[in-house]
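Student: Below you will find the structure I want to go over with you.
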Amino acid sequence: MENKKFDVAVIGGGPAGLAAALAAEKQGAKVILIERENSLGGILKQCIHDGFGLIRFKKKMAGPEYALSFIEEVGKSSVKVELLTFVTKITKAVEILDLSWQGD
């Protein structure tokens, strides 16, 4: 994976991760979504019962259909997706830009 800077890193491409990545991007953040599997969707890919999507997509969907709708939204967004990628360490880095000065 390239060494890039992001405002938000979302770990996991299941339903919560997809929603979080899209919400952060909507607020103007530069977002990376990291998924350990070779596809997004998480457990939704296995949920064949319906009942998903009523609030977000205004229609009743089975899990795979709901996941696909989210995946398509992410595909149209600026969210950077890294599949088959594991997070092995998280560290906190703080950068402070001091803009104070003395003038007339």
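A note on labels: chains of the structure tokens are A, B, ... as shown, every chain counts residues from 1, and ligands are counted from 1 in their shown order.
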Residues at most 7 Å from segment 70-82 of chain A, counting only C-alpha atoms, excluding those fewer than 3 positions away in the same chain, as a VMD selection string?
Tutor: chain A and resid 18 21 to 22 25 31 to 35 40 66 to 67 85
Student: Selection from above, N, CA, C and O atoms, as a PDB file, in the first residue's frame, can you write it?
Tutor:
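And here is the file that came out, selection-v9.pdb:
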ATOM      1  N   LEU A  18     -18.628   0.501   5.834  1.00  0.00           N
ATOM      2  CA  LEU A  18     -19.074   1.167   4.611  1.00  0.00           C
ATOM      3  C   LEU A  18     -19.812   2.461   4.951  1.00  0.00           C
ATOM      4  O   LEU A  18     -19.556   3.509   4.352  1.00  0.00           O
ATOM      5  N   ALA A  21     -17.309   5.101   6.385  1.00  0.00           N
ATOM      6  CA  ALA A  21     -16.457   5.683   5.347  1.00  0.00           C
ATOM      7  C   ALA A  21     -17.226   6.717   4.532  1.00  0.00           C
ATOM      8  O   ALA A  21     -16.721   7.810   4.256  1.00  0.00           O
ATOM      9  N   LEU A  22     -18.441   6.382   4.158  1.00  0.00           N
ATOM     10  CA  LEU A  22     -19.260   7.318   3.380  1.00  0.00           C
ATOM     11  C   LEU A  22     -19.627   8.558   4.194  1.00  0.00           C
ATOM     12  O   LEU A  22     -19.614   9.674   3.664  1.00  0.00           O
ATOM     13  N   GLU A  25     -16.512  10.785   4.446  1.00  0.00           N
ATOM     14  CA  GLU A  25     -16.248  11.417   3.154  1.00  0.00           C
ATOM     15  C   GLU A  25     -17.250  12.545   2.895  1.00  0.00           C
ATOM     16  O   GLU A  25     -16.887  13.609   2.400  1.00  0.00           O
ATOM     17  N   VAL A  31     -10.595   9.728   3.073  1.00  0.00           N
ATOM     18  CA  VAL A  31     -10.874   8.470   3.774  1.00  0.00           C
ATOM     19  C   VAL A  31     -10.229   7.279   3.072  1.00  0.00           C
ATOM     20  O   VAL A  31     -10.273   7.172   1.847  1.00  0.00           O
ATOM     21  N   ILE A  32      -9.676   6.378   3.886  1.00  0.00           N
ATOM     22  CA  ILE A  32      -9.243   5.075   3.390  1.00  0.00           C
ATOM     23  C   ILE A  32     -10.045   4.006   4.124  1.00  0.00           C
ATOM     24  O   ILE A  32     -10.272   4.101   5.333  1.00  0.00           O
ATOM     25  N   LEU A  33     -10.515   3.019   3.383  1.00  0.00           N
ATOM     26  CA  LEU A  33     -11.281   1.896   3.921  1.00  0.00           C
ATOM     27  C   LEU A  33     -10.436   0.645   3.733  1.00  0.00           C
ATOM     28  O   LEU A  33     -10.081   0.292   2.607  1.00  0.00           O
ATOM     29  N   ILE A  34     -10.099  -0.010   4.834  1.00  0.00           N
ATOM     30  CA  ILE A  34      -9.207  -1.167   4.806  1.00  0.00           C
ATOM     31  C   ILE A  34     -10.005  -2.422   5.115  1.00  0.00           C
ATOM     32  O   ILE A  34     -10.664  -2.515   6.150  1.00  0.00           O
ATOM     33  N   GLU A  35      -9.935  -3.404   4.222  1.00  0.00           N
ATOM     34  CA  GLU A  35     -10.682  -4.669   4.366  1.00  0.00           C
ATOM     35  C   GLU A  35      -9.729  -5.843   4.196  1.00  0.00           C
ATOM     36  O   GLU A  35      -8.946  -5.879   3.258  1.00  0.00           O
ATOM     37  N   LEU A  40     -15.759  -6.266  -0.377  1.00  0.00           N
ATOM     38  CA  LEU A  40     -16.466  -5.528   0.666  1.00  0.00           C
ATOM     39  C   LEU A  40     -17.820  -6.189   0.940  1.00  0.00           C
ATOM     40  O   LEU A  40     -18.301  -6.984   0.146  1.00  0.00           O
ATOM     41  N   TYR A  66     -28.318  -5.251  -0.328  1.00  0.00           N
ATOM     42  CA  TYR A  66     -28.020  -4.078   0.505  1.00  0.00           C
ATOM     43  C   TYR A  66     -26.518  -3.783   0.478  1.00  0.00           C
ATOM     44  O   TYR A  66     -26.113  -2.628   0.297  1.00  0.00           O
ATOM     45  N   ALA A  67     -25.700  -4.819   0.629  1.00  0.00           N
ATOM     46  CA  ALA A  67     -24.243  -4.657   0.582  1.00  0.00           C
ATOM     47  C   ALA A  67     -23.821  -4.076  -0.760  1.00  0.00           C
ATOM     48  O   ALA A  67     -23.008  -3.153  -0.822  1.00  0.00           O
ATOM     49  N   THR A  85      -5.971  -6.430   2.878  1.00  0.00           N
ATOM     50  CA  THR A  85      -5.029  -5.629   3.657  1.00  0.00           C
ATOM     51  C   THR A  85      -5.352  -5.780   5.135  1.00  0.00           C
ATOM     52  O   THR A  85      -6.503  -5.682   5.537  1.00  0.00           O
TER      53      THR A  85
END
Student: Check the DSSP output for the backbone and give back, as number ranges by chain, the residues of chain A in strand (DSSP E or B).
Tutor: A: 8-11, 31-34, 50-52, 61-62, 80-82
Student: If you keep all heavy atoms, can you produce a file of those selected residues as a CSV table (one decimal), in the first residue's frame?
Tutor:
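Everything below was put into again_37.csv:
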chain,number,residue,atom,x,y,z
A,8,VAL,N,-9.2,10.0,7.8
A,8,VAL,CA,-9.9,9.0,8.5
A,8,VAL,C,-9.5,7.6,7.9
A,8,VAL,O,-9.5,7.5,6.7
A,8,VAL,CB,-11.5,9.1,8.4
A,8,VAL,CG1,-12.2,8.0,9.0
A,8,VAL,CG2,-11.9,10.5,9.0
A,9,ALA,N,-9.2,6.7,8.8
A,9,ALA,CA,-9.0,5.3,8.3
A,9,ALA,C,-10.1,4.4,8.9
A,9,ALA,O,-10.3,4.4,10.1
A,9,ALA,CB,-7.6,4.8,8.8
A,10,VAL,N,-10.9,3.8,8.1
A,10,VAL,CA,-11.9,2.9,8.5
A,10,VAL,C,-11.4,1.4,8.4
A,10,VAL,O,-11.0,1.1,7.3
A,10,VAL,CB,-13.2,3.1,7.7
A,10,VAL,CG1,-14.3,2.1,8.2
A,10,VAL,CG2,-13.7,4.5,7.9
A,11,ILE,N,-11.5,0.7,9.4
A,11,ILE,CA,-11.0,-0.7,9.4
A,11,ILE,C,-12.2,-1.6,9.4
A,11,ILE,O,-12.9,-1.7,10.3
A,11,ILE,CB,-10.1,-1.0,10.6
A,11,ILE,CG1,-8.9,0.0,10.6
A,11,ILE,CG2,-9.6,-2.4,10.6
A,11,ILE,CD1,-8.1,0.0,11.9
A,31,VAL,N,-10.6,9.7,3.1
A,31,VAL,CA,-10.9,8.5,3.8
A,31,VAL,C,-10.2,7.3,3.1
A,31,VAL,O,-10.3,7.2,1.8
A,31,VAL,CB,-12.4,8.2,3.9
A,31,VAL,CG1,-12.7,6.9,4.6
A,31,VAL,CG2,-13.1,9.4,4.5
A,32,ILE,N,-9.7,6.4,3.9
A,32,ILE,CA,-9.2,5.1,3.4
A,32,ILE,C,-10.0,4.0,4.1
A,32,ILE,O,-10.3,4.1,5.3
A,32,ILE,CB,-7.7,4.8,3.6
A,32,ILE,CG1,-7.3,3.5,2.9
A,32,ILE,CG2,-7.3,4.9,5.0
A,32,ILE,CD1,-5.8,3.3,2.7
A,33,LEU,N,-10.5,3.0,3.4
A,33,LEU,CA,-11.3,1.9,3.9
A,33,LEU,C,-10.4,0.6,3.7
A,33,LEU,O,-10.1,0.3,2.6
A,33,LEU,CB,-12.6,1.8,3.2
A,33,LEU,CG,-13.5,0.6,3.5
A,33,LEU,CD1,-13.9,0.6,5.0
A,33,LEU,CD2,-14.8,0.6,2.7
A,34,ILE,N,-10.1,0.0,4.8
A,34,ILE,CA,-9.2,-1.2,4.8
A,34,ILE,C,-10.0,-2.4,5.1
A,34,ILE,O,-10.7,-2.5,6.1
A,34,ILE,CB,-8.1,-1.0,5.8
A,34,ILE,CG1,-7.3,0.3,5.5
A,34,ILE,CG2,-7.2,-2.2,5.9
A,34,ILE,CD1,-6.4,0.7,6.6
A,50,ASP,N,-34.7,-10.7,3.9
A,50,ASP,CA,-34.9,-9.3,3.6
A,50,ASP,C,-35.1,-8.5,4.8
A,50,ASP,O,-35.1,-9.0,5.9
A,50,ASP,CB,-36.0,-9.2,2.5
A,50,ASP,CG,-37.3,-9.6,3.1
A,50,ASP,OD1,-37.5,-9.8,4.3
A,50,ASP,OD2,-38.2,-9.6,2.3
A,51,GLY,N,-35.3,-7.2,4.6
A,51,GLY,CA,-35.5,-6.3,5.7
A,51,GLY,C,-34.5,-5.2,5.8
A,51,GLY,O,-34.6,-4.3,6.6
A,52,PHE,N,-33.4,-5.3,5.0
A,52,PHE,CA,-32.4,-4.3,5.0
A,52,PHE,C,-32.8,-3.2,4.0
A,52,PHE,O,-33.6,-3.4,3.1
A,52,PHE,CB,-31.1,-4.9,4.5
A,52,PHE,CG,-30.5,-6.0,5.4
A,52,PHE,CD1,-30.7,-7.3,5.1
A,52,PHE,CD2,-29.8,-5.7,6.6
A,52,PHE,CE1,-30.2,-8.3,5.9
A,52,PHE,CE2,-29.3,-6.7,7.4
A,52,PHE,CZ,-29.5,-8.0,7.1
A,61,MET,N,-34.6,-5.0,1.1
A,61,MET,CA,-33.5,-5.7,0.3
A,61,MET,C,-33.0,-6.9,1.2
A,61,MET,O,-33.0,-6.8,2.4
A,61,MET,CB,-32.3,-4.8,0.0
A,61,MET,CG,-32.6,-3.5,-0.7
A,61,MET,SD,-31.0,-2.6,-0.7
A,61,MET,CE,-31.5,-1.3,-1.8
A,62,ALA,N,-32.5,-7.9,0.5
A,62,ALA,CA,-31.8,-8.9,1.2
A,62,ALA,C,-30.4,-8.4,1.4
A,62,ALA,O,-29.9,-7.4,0.8
A,62,ALA,CB,-31.7,-10.2,0.3
A,80,LYS,N,-10.8,5.8,-0.7
A,80,LYS,CA,-9.7,4.8,-1.2
A,80,LYS,C,-10.0,3.5,-0.5
A,80,LYS,O,-10.1,3.4,0.7
A,80,LYS,CB,-8.4,5.4,-0.8
A,80,LYS,CG,-7.2,4.5,-1.0
A,80,LYS,CD,-6.7,4.5,-2.4
A,80,LYS,CE,-5.4,3.8,-2.5
A,80,LYS,NZ,-5.3,2.9,-3.6
A,81,VAL,N,-10.1,2.4,-1.3
A,81,VAL,CA,-10.4,1.1,-0.7
A,81,VAL,C,-9.1,0.2,-0.9
A,81,VAL,O,-8.6,0.2,-2.0
A,81,VAL,CB,-11.6,0.4,-1.4
A,81,VAL,CG1,-11.8,-1.0,-1.0
A,81,VAL,CG2,-12.8,1.3,-1.2
A,82,GLU,N,-8.7,-0.4,0.1
A,82,GLU,CA,-7.6,-1.4,0.1
A,82,GLU,C,-8.2,-2.7,0.5
A,82,GLU,O,-8.5,-2.9,1.7
A,82,GLU,CB,-6.5,-0.9,1.0
A,82,GLU,CG,-5.7,0.2,0.5
A,82,GLU,CD,-4.8,-0.1,-0.7
A,82,GLU,OE1,-4.5,-1.2,-0.9
A,82,GLU,OE2,-4.5,0.9,-1.4
Student: What is the atom CA of Gly41 of chain A-atom CA of Lys58 of chain A distance in Å, reported with one decimal?
Tutor: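 Computing it gives 19.1 Å between the two atoms.
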Student: At what distance in Å, to one decimal, does atom CA of Thr88 of chain A lie from atom CA of Gly28 of chain A?
Tutor: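 The value is 26.8 Å.
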Student: Could you work out how far atom CA of Lys60 of chain A lies from atom CA of Leu83 of chain A, giving the answer in Å with one decimal?
Tutor: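 Going from atom CA of Leu83 of chain A over to atom CA of Lys60 of chain A covers 28.1 Å.
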Student: Compare A:Lys26, A:Gly14, A:Pro64, A:Ser69 by their minimum atom-to-atom distance to Gln46 of chain A, counting only C-alpha atoms, and give me the closest one.
Tutor: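 Smallest distance to Gln46 of chain A is found for A:Pro64.
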Student: Just checking: using only C-alpha atoms, which residue out of A:Ile90, A:Leu54, A:Asp7, A:Gly12 ends up closest to Ser39 of chain A?
Tutor: A:Gly12
Student: Find the residue from A:Arg56, A:Leu84, A:Lys4, A:Lys89 that sits nearest to Lys30 of chain A; use only C-alpha atoms when measuring.
Tutor: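 Closest to Lys30 of chain A, using only C-alpha atoms: A:Lys4.
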